[in-house]
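Student: Once you've had a glance at the structure underneath, I'll fire off some questions.
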Protein chains: 2
Amino acid sequence: MNYQMIGYVNGRILLTEAALLALPMVVALLYGESAVPFLIPIAALVLTGLALSFRQPKRTALYARDGLAVVALAWIAVSAFGAVPFVLSGDIPSYVDAFFETVSGFTTTGASILTAVEPLSRGGLFWRSFTHWVGGMGVLVFVMAILPMSDGHGMHLLRAEVPGPSVGKLVSRMSDTAKILYGIYFVMTVIEIVLLLLGGMPLFDSCIHAFGSAGTGGFSCRNLSVGAYNSPYFDIVIGIFMLLFGVNFNLYYFLLIRRFRDVFHSEELRSYLLIVTAAVVAIAVDIVHIYGSAATSLRHAFFQVSSIITTTGYSSVDFNTWPTFSKAILVVLMFVGACAGSTGGGIKVARVVILIKASYGDMRRMLHPNAVSTVRFEGKPLTDRNLRSVHLFLTVYILVFTVSFLLLSLEQFDLITTFTALTACINNIGPGLELVGPMGNFAAFSPWSKLLLSFNMLVGRLEIFPTLLLFAPSIWKRRLLSRKIAP
Amino acid sequence: MNYQMIGYVNGRILLTEAALLALPMVVALLYGESAVPFLIPIAALVLTGLALSFRQPKRTALYARDGLAVVALAWIAVSAFGAVPFVLSGDIPSYVDAFFETVSGFTTTGASILTAVEPLSRGGLFWRSFTHWVGGMGVLVFVMAILPMSDGHGMHLLRAEVPGPSVGKLVSRMSDTAKILYGIYFVMTVIEIVLLLLGGMPLFDSCIHAFGSAGTGGFSCRNLSVGAYNSPYFDIVIGIFMLLFGVNFNLYYFLLIRRFRDVFHSEELRSYLLIVTAAVVAIAVDIVHIYGSAATSLRHAFFQVSSIITTTGYSSVDFNTWPTFSKAILVVLMFVGACAGSTGGGIKVARVVILIKASYGDMRRMLHPNAVSTVRFEGKPLTDRNLRSVHLFLTVYILVFTVSFLLLSLEQFDLITTFTALTACINNIGPGLELVGPMGNFAAFSPWSKLLLSFNMLVGRLEIFPTLLLFAPSIWKRRLLSRKIAP
């Protein structure tokens with residue numbers, strides 16, 4: 001492990017966070033609130049950041065496992081510092097609660113320990129939602145976009161941070177890829193803000209909900225979430241934008257460079273839209289007796305499906321009161337998640353499609369042992385190595401889920417609360433069902449469970465391995481330093 | 001596909017079932033009940049069986065896929081015929097209900113549509129539990145044990161019917177292997193009957209509960225299951241025997257031929273005992289406030305853990321009223337299941353151990369890309385092919401579970417009932433939680449759902465592929481017959 005380089009990169013990340021905190025501080029000042037809750041962590045971040053990144057190490061090589069360690073440590077560090085403003089402003093007096101809320105923000109989960117969000121300070125509310133926006137596309141991708149970094153290092157970091165079974169560069173230079181991604185992201189967010197403003201939503205609220213949908217996070221500035229506005233227009237705008245932010249960003253780049261064929265032939269995009277359509281229709285039929293009109297049922301079904309499959313977690317109504325069939329569909333969508341390379345969480349549509357196609361291929365071989373057939377995904381043959389890594393992901397995901405489920409059940413809440421609280425955290429959704437339903441919150445959990453759920457949010461956002469490998473004893477052994485390992 | 005041979009083998013299986021039905025008929029006569037409900041299906045079985053197996057086909061070769069088809073069709077056929085006595089005797093007037101109950105019997109699930117079992121006829125009760133005993137070790141293994149069959153055919157049948165990731169012959173001749181397995185099974189069942197008799201249980205009840213624990217089925221002749229006797233002695237005897245029948249039967253053969261080393265070094269056996277011990281201790285601590293004494297808590301915890309991990313489904317108390325942590329442990333054990341090559345269901349301890357070890361190995365390789373490490377299971381290196389088939393099993397298991405879950409949720413029961421009803425059926429356990437808890441039953445489900453759950457019981461007992469492949473269009477195409485396929 002290249003500990004010096006890991007420290008150096010983390011130092012630069014902390015300096016970036018200090019800069020990011022300036023924005024909510026300005027918001028606080030505009031609303032006549034104190035700047036102190038932001039100034040203190042900014043000072044702490046600058047000092048720590050400078051201490052860590054004062055001198056660039058001689059050996060700058062970062063291998064795959066260094067990349068994993070950088071990413072995991074960076075996400076924990078930015079959350080640990082990012083929680084401070086909430087404590088200092090008095091918005092969230094308990095540090096563990098504030099840490100949970102900040103991890104929930106950066107991982108774009110949107111699970112909250114707050115019983116009411118409306119009493120929060122404006123600066124606090126803004127920072128809380130801004131973490132969604134930064135965390136959605138990635139803390140390190142952001143750093144790469146604004147700071148030059150040699151390509152060999154960037155690739156491992158991008159691989160460890162960007163969700164999905166495979167990550168490619170869009171353009172030859174890593175930092176240009178990061179800039180393109182953040183550029184598209186920024187423009188789409190601005191368009192959503194403008195559309196919300198046009199519908200009459202205040203600027204502050206528009207920013208909050210655009211951040212929440214862009215990052216597929218789900219924090220709102222209203223207790224009743226998007227349902228508080230009771231506006232079909234907002235439901236539709238936010239519903240569509242959530243769905244758009246759940247698409248692989250590479251496709252938007254292809255649109256920009258007029259490679260339309262690649263977009264329309266994307267197997268993942270087609271599967272994603274197919275799942276969404278099927279779920280919306282099934283739920284709309286199931287809930288039409290509640291809302292009377294087909295239009296209202298379709299709207300609520302669309303909003304909730306879009307919110308859940310993209311793992312955003314906004315709600316236009318309390319879907320905890322829906323019939324079991326609709327709830328069952330939502331629970332399944334919680335696991336499916338959005339597209340790879342989007343800001344959404346979950347297992348990802350690409351992995352689900354790969355698993356189904358590979359299983360179908362293997363079963364065909366049982367019937368026709370001599371038939372030669374290759375399973376293809378997105379036009380390319382699926383290698384055994386690709387498939388093995390998807391299977392590994394699924395297995396470890398299930399193992400982490402099972403152990404966490406047993407630990408969380410020690411709280412002795414009902415099984416649905418326990419199961420969906422964990423589901424909502426590991427898939428970065430936010431609300432679950434029952435106690436943690438769209439009208440509930442995570443306040444009732446003990447500090448230990450909040451840390452466990454924070455761990456699961458990081459596991460979900462970083463796709464398991466970076467977070468899990470922090471527990472490997474060998475990562476902490478100096479001995480590794482002296483071992484020669486080929487690049 | 002060798003349709004003639006598939007029909008021929010199925011014919012012999014139906015003739016065997018006719019012979020098996022003679023036993024409950026004798027019981028019925030002993031209790032002064034009518035023999036007609038058994039005579040009619042016996043006659044039907046003999047006629048159909050003879051028609052199918054009148055002449056042995058010239059081409060007797062059975063390939064892997066033929067084996068899968070034979071097994072799937074045989075299990076459906078014996079259940080379809082086996083349901084008839086319940087309808088004729090009036091024990092279960094609806095044929096769909098009787099079919100569900102019979103599938104539940106043969107697959108050793110133990111899920112029941114009966115709201116009370118005590119009013120049933122003696123002959124019906126005996127047949128219901130006897131299906132557990134036959135289904136536990138396998139309908140086809142039974143046929144192989146009593147009828148000579150060439151080895152090449154037997155192996156594919158055994159592979160398709162005996163649970164677990166890998167199946168080996170104990171001795172060179174297949175039919176001898178089947179005889180040894182059924183011999184051990186028979187002797188252990190007799191010992192359990194004797195021990196229950198010694199404790200003062202009536203002979204009839206002793207047979208019922210010995211069949212139920214030997215097959216890891218779970219049907220009882222008492223409404224309150226084993227709890228009705230309120231006897232620590234019975235709890236302990238049945239608890240221990242359930243655990244014993246959840247062990248790979250190969251190990252008992254090794255004991256017989258004094259290969260003790262193979263038994264004590266069995267990785268699966270050690271893992272199984274470790275899981276049981278940990279679960280018993282954790283649950284006992286969690287429920288001690290309910291039962292007061294540590295001994296009673298340990299006894300109930302042991303009985304329930306043994307019953308659930310072996311997928312038997314007997315209950316000594318209503319564990320639906322236990323705290324969430326205990327219920328969460330039981331739900332996890334429902335999926336883990338018993339050892340491969342036992343009469344139990346579930347994913348199997350062997351597969352769980354393989355998945356964990358392989359994932360650990362793959363994650364190690366992320367940290368040390370150049371380290372050479374082979375994952376071993378039971379002393380042998382795990383090949384990519386082995387692992388691929390375990391991954392395939394897990395993936396298809398999840399897919400079947402998810403689709404069934406969505407279909408079953410259309411019943412609009414609560415999510416826990418829906419989830420655990422399916423869990424209890426696909427893992428061949430019997431009771432779940434809430435409406436289908438140990439004191440509940442499956443009566444409330446619609447006929448469609450009962451068929452869906454019957455399908456899931458078969459999927460679980462036959463380890464997915466035989467049942468699923470019946471849906472492959474190519475299995476029904478004559479074209480396959482003319483294709484030349486190497487053996």
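Naming scheme: A, B, ... for chains in displayed order of the structure tokens; residues 1 onward per chain; ligands 1 onward as shown.
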If we count only C-alpha atoms, which residues of chain B reach to within 7 Å of chain A? Please list them as a ChimeraX atom specification.
Tutor: /B:65,323-325,328-329,355,359,366-367,391-392,395-396,406,409-410,412-415
Student: So that I can see what lies close to segment 290-296 of chain B, please list as a ChimeraX atom specification the residues with an atom at most 10 Å from it, counting only C-alpha atoms and leaving out residues fewer than 5 positions away in the same chain.
Tutor: /B:232,284-285,301-302,321-323
Student: Using the selection just defined, write its residues with N, CA, C and O atoms as a PDB file, in the first residue's frame.
Tutor:
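File written: selection.pdb
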```pdb
ATOM      1  N   PRO B 232     -40.772 -32.614  27.416  1.00  0.00           N
ATOM      2  CA  PRO B 232     -39.371 -32.341  27.097  1.00  0.00           C
ATOM      3  C   PRO B 232     -38.697 -33.543  26.433  1.00  0.00           C
ATOM      4  O   PRO B 232     -37.884 -33.370  25.526  1.00  0.00           O
ATOM      5  N   ALA B 284     -31.788 -18.740  22.601  1.00  0.00           N
ATOM      6  CA  ALA B 284     -32.068 -19.035  24.010  1.00  0.00           C
ATOM      7  C   ALA B 284     -31.910 -17.781  24.865  1.00  0.00           C
ATOM      8  O   ALA B 284     -32.741 -17.490  25.726  1.00  0.00           O
ATOM      9  N   VAL B 285     -30.851 -17.008  24.597  1.00  0.00           N
ATOM     10  CA  VAL B 285     -30.643 -15.772  25.354  1.00  0.00           C
ATOM     11  C   VAL B 285     -31.783 -14.785  25.080  1.00  0.00           C
ATOM     12  O   VAL B 285     -32.270 -14.102  25.978  1.00  0.00           O
ATOM     13  N   ALA B 301     -35.346 -23.392  22.007  1.00  0.00           N
ATOM     14  CA  ALA B 301     -34.449 -22.842  20.983  1.00  0.00           C
ATOM     15  C   ALA B 301     -33.860 -23.986  20.164  1.00  0.00           C
ATOM     16  O   ALA B 301     -33.848 -23.943  18.927  1.00  0.00           O
ATOM     17  N   PHE B 302     -33.396 -25.041  20.837  1.00  0.00           N
ATOM     18  CA  PHE B 302     -32.807 -26.181  20.135  1.00  0.00           C
ATOM     19  C   PHE B 302     -33.829 -26.837  19.211  1.00  0.00           C
ATOM     20  O   PHE B 302     -33.542 -27.125  18.045  1.00  0.00           O
ATOM     21  N   THR B 321     -44.579 -15.771  18.044  1.00  0.00           N
ATOM     22  CA  THR B 321     -44.690 -14.787  19.129  1.00  0.00           C
ATOM     23  C   THR B 321     -43.325 -14.422  19.716  1.00  0.00           C
ATOM     24  O   THR B 321     -43.247 -13.661  20.670  1.00  0.00           O
ATOM     25  N   TRP B 322     -42.264 -14.992  19.183  1.00  0.00           N
ATOM     26  CA  TRP B 322     -40.923 -14.696  19.718  1.00  0.00           C
ATOM     27  C   TRP B 322     -40.468 -13.292  19.318  1.00  0.00           C
ATOM     28  O   TRP B 322     -41.015 -12.693  18.390  1.00  0.00           O
ATOM     29  N   PRO B 323     -39.418 -12.773  19.991  1.00  0.00           N
ATOM     30  CA  PRO B 323     -38.900 -11.441  19.630  1.00  0.00           C
ATOM     31  C   PRO B 323     -38.330 -11.431  18.194  1.00  0.00           C
ATOM     32  O   PRO B 323     -38.006 -12.493  17.644  1.00  0.00           O
TER      33      PRO B 323
END
```
Student: What's around segment 234-251 of chain A at 6 Å? Count only C-alpha atoms, leave out sequence neighbours fewer than 4 positions away in its own chain, and write the answer as an mmCIF file with all heavy atoms, in the first residue's frame.
Tutor:
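Once written, result-v4.cif looks like this:
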```cif
data_model
loop_
_atom_site.group_PDB
_atom_site.id
_atom_site.type_symbol
_atom_site.label_atom_id
_atom_site.label_comp_id
_atom_site.auth_asym_id
_atom_site.auth_seq_id
_atom_site.Cartn_x
_atom_site.Cartn_y
_atom_site.Cartn_z
ATOM 1 N N SER A 213 -32.925 15.105 -6.602
ATOM 2 C CA SER A 213 -33.203 14.189 -7.711
ATOM 3 C C SER A 213 -31.963 13.945 -8.564
ATOM 4 O O SER A 213 -31.767 12.829 -9.044
ATOM 5 C CB SER A 213 -34.389 14.653 -8.559
ATOM 6 O OG SER A 213 -34.510 16.046 -8.608
ATOM 7 N N ALA A 214 -31.099 14.969 -8.719
ATOM 8 C CA ALA A 214 -29.883 14.782 -9.512
ATOM 9 C C ALA A 214 -29.000 13.707 -8.875
ATOM 10 O O ALA A 214 -28.499 12.817 -9.549
ATOM 11 C CB ALA A 214 -29.116 16.087 -9.623
ATOM 12 N N VAL A 263 -27.110 4.860 -28.137
ATOM 13 C CA VAL A 263 -28.101 5.142 -27.106
ATOM 14 C C VAL A 263 -29.332 4.254 -27.303
ATOM 15 O O VAL A 263 -29.779 3.577 -26.382
ATOM 16 C CB VAL A 263 -28.513 6.631 -27.143
ATOM 17 C CG1 VAL A 263 -29.575 6.910 -26.089
ATOM 18 C CG2 VAL A 263 -27.288 7.507 -26.920
ATOM 19 N N PHE A 303 -44.503 8.375 -10.224
ATOM 20 C CA PHE A 303 -43.590 9.090 -9.329
ATOM 21 C C PHE A 303 -42.890 8.131 -8.379
ATOM 22 O O PHE A 303 -41.677 8.176 -8.197
ATOM 23 C CB PHE A 303 -44.352 10.152 -8.533
ATOM 24 C CG PHE A 303 -43.440 11.043 -7.734
ATOM 25 C CD1 PHE A 303 -42.918 12.193 -8.302
ATOM 26 C CD2 PHE A 303 -43.067 10.711 -6.435
ATOM 27 C CE1 PHE A 303 -42.053 13.009 -7.586
ATOM 28 C CE2 PHE A 303 -42.207 11.528 -5.714
ATOM 29 C CZ PHE A 303 -41.698 12.678 -6.289
ATOM 30 N N SER A 306 -40.446 5.703 -10.228
ATOM 31 C CA SER A 306 -39.261 6.454 -10.620
ATOM 32 C C SER A 306 -38.387 6.745 -9.399
ATOM 33 O O SER A 306 -37.165 6.617 -9.435
ATOM 34 C CB SER A 306 -39.707 7.745 -11.301
ATOM 35 O OG SER A 306 -38.617 8.591 -11.494
ATOM 36 N N THR A 310 -34.800 4.433 -9.062
ATOM 37 C CA THR A 310 -33.582 5.252 -9.125
ATOM 38 C C THR A 310 -32.967 5.421 -7.742
ATOM 39 O O THR A 310 -31.940 6.049 -7.599
ATOM 40 C CB THR A 310 -33.883 6.659 -9.672
ATOM 41 O OG1 THR A 310 -34.826 7.285 -8.783
ATOM 42 C CG2 THR A 310 -34.485 6.592 -11.061
ATOM 43 N N ALA A 338 -30.961 1.462 -10.187
ATOM 44 C CA ALA A 338 -30.907 2.207 -11.443
ATOM 45 C C ALA A 338 -29.860 1.608 -12.383
ATOM 46 O O ALA A 338 -29.399 0.495 -12.189
ATOM 47 C CB ALA A 338 -30.594 3.663 -11.134
ATOM 48 N N CYS A 339 -29.510 2.359 -13.419
ATOM 49 C CA CYS A 339 -28.515 1.888 -14.382
ATOM 50 C C CYS A 339 -27.101 2.077 -13.820
ATOM 51 O O CYS A 339 -26.854 2.970 -13.012
ATOM 52 C CB CYS A 339 -28.631 2.678 -15.685
ATOM 53 S SG CYS A 339 -30.212 2.494 -16.511
ATOM 54 N N ALA A 340 -26.188 1.250 -14.300
ATOM 55 C CA ALA A 340 -24.777 1.423 -13.958
ATOM 56 C C ALA A 340 -24.316 2.775 -14.501
ATOM 57 O O ALA A 340 -24.841 3.247 -15.495
ATOM 58 C CB ALA A 340 -23.963 0.303 -14.571
ATOM 59 N N GLY A 341 -23.372 3.399 -13.823
ATOM 60 C CA GLY A 341 -22.851 4.666 -14.312
ATOM 61 C C GLY A 341 -23.804 5.831 -14.154
ATOM 62 O O GLY A 341 -23.592 6.903 -14.696
ATOM 63 N N SER A 342 -24.887 5.622 -13.389
ATOM 64 C CA SER A 342 -25.785 6.729 -13.081
ATOM 65 C C SER A 342 -25.499 7.161 -11.651
ATOM 66 O O SER A 342 -24.565 6.683 -11.026
ATOM 67 C CB SER A 342 -27.242 6.270 -13.187
ATOM 68 O OG SER A 342 -27.580 5.471 -12.071
ATOM 69 N N GLY A 344 -27.685 6.596 -9.321
ATOM 70 C CA GLY A 344 -28.542 5.739 -8.491
ATOM 71 C C GLY A 344 -27.800 4.590 -7.851
ATOM 72 O O GLY A 344 -26.659 4.270 -8.210
#
```
Student: Nearest to Asn223 of chain B: which of B:Pro119, B:Gly430, B:Gly379, B:Gly313 is it, counting only C-alpha atoms?
Tutor: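 Counting only C-alpha atoms, the residue closest to Asn223 of chain B is B:Pro119.
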Student: Based on DSSP run over this structure's backbone, return all residues of segment 251-430 of chain B in strand (DSSP E or B), as an MDAnalysis selection string.
Tutor: chainID B and resid 376:377 380:381
Student: Can you work out the spacing between atom CA of Ser89 of chain B and atom CA of Glu33 of chain B in Å, to one decimal?
Tutor: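 Atom CA of Glu33 of chain B lies 9.4 Å from atom CA of Ser89 of chain B.
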Student: Figure out the distance between atom CA of Val139 of chain A and atom CA of Ile13 of chain A, please, to one decimal in Å.
Tutor: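 One can read the atom CA of Ile13 of chain A to atom CA of Val139 of chain A distance as 7.8 Å.
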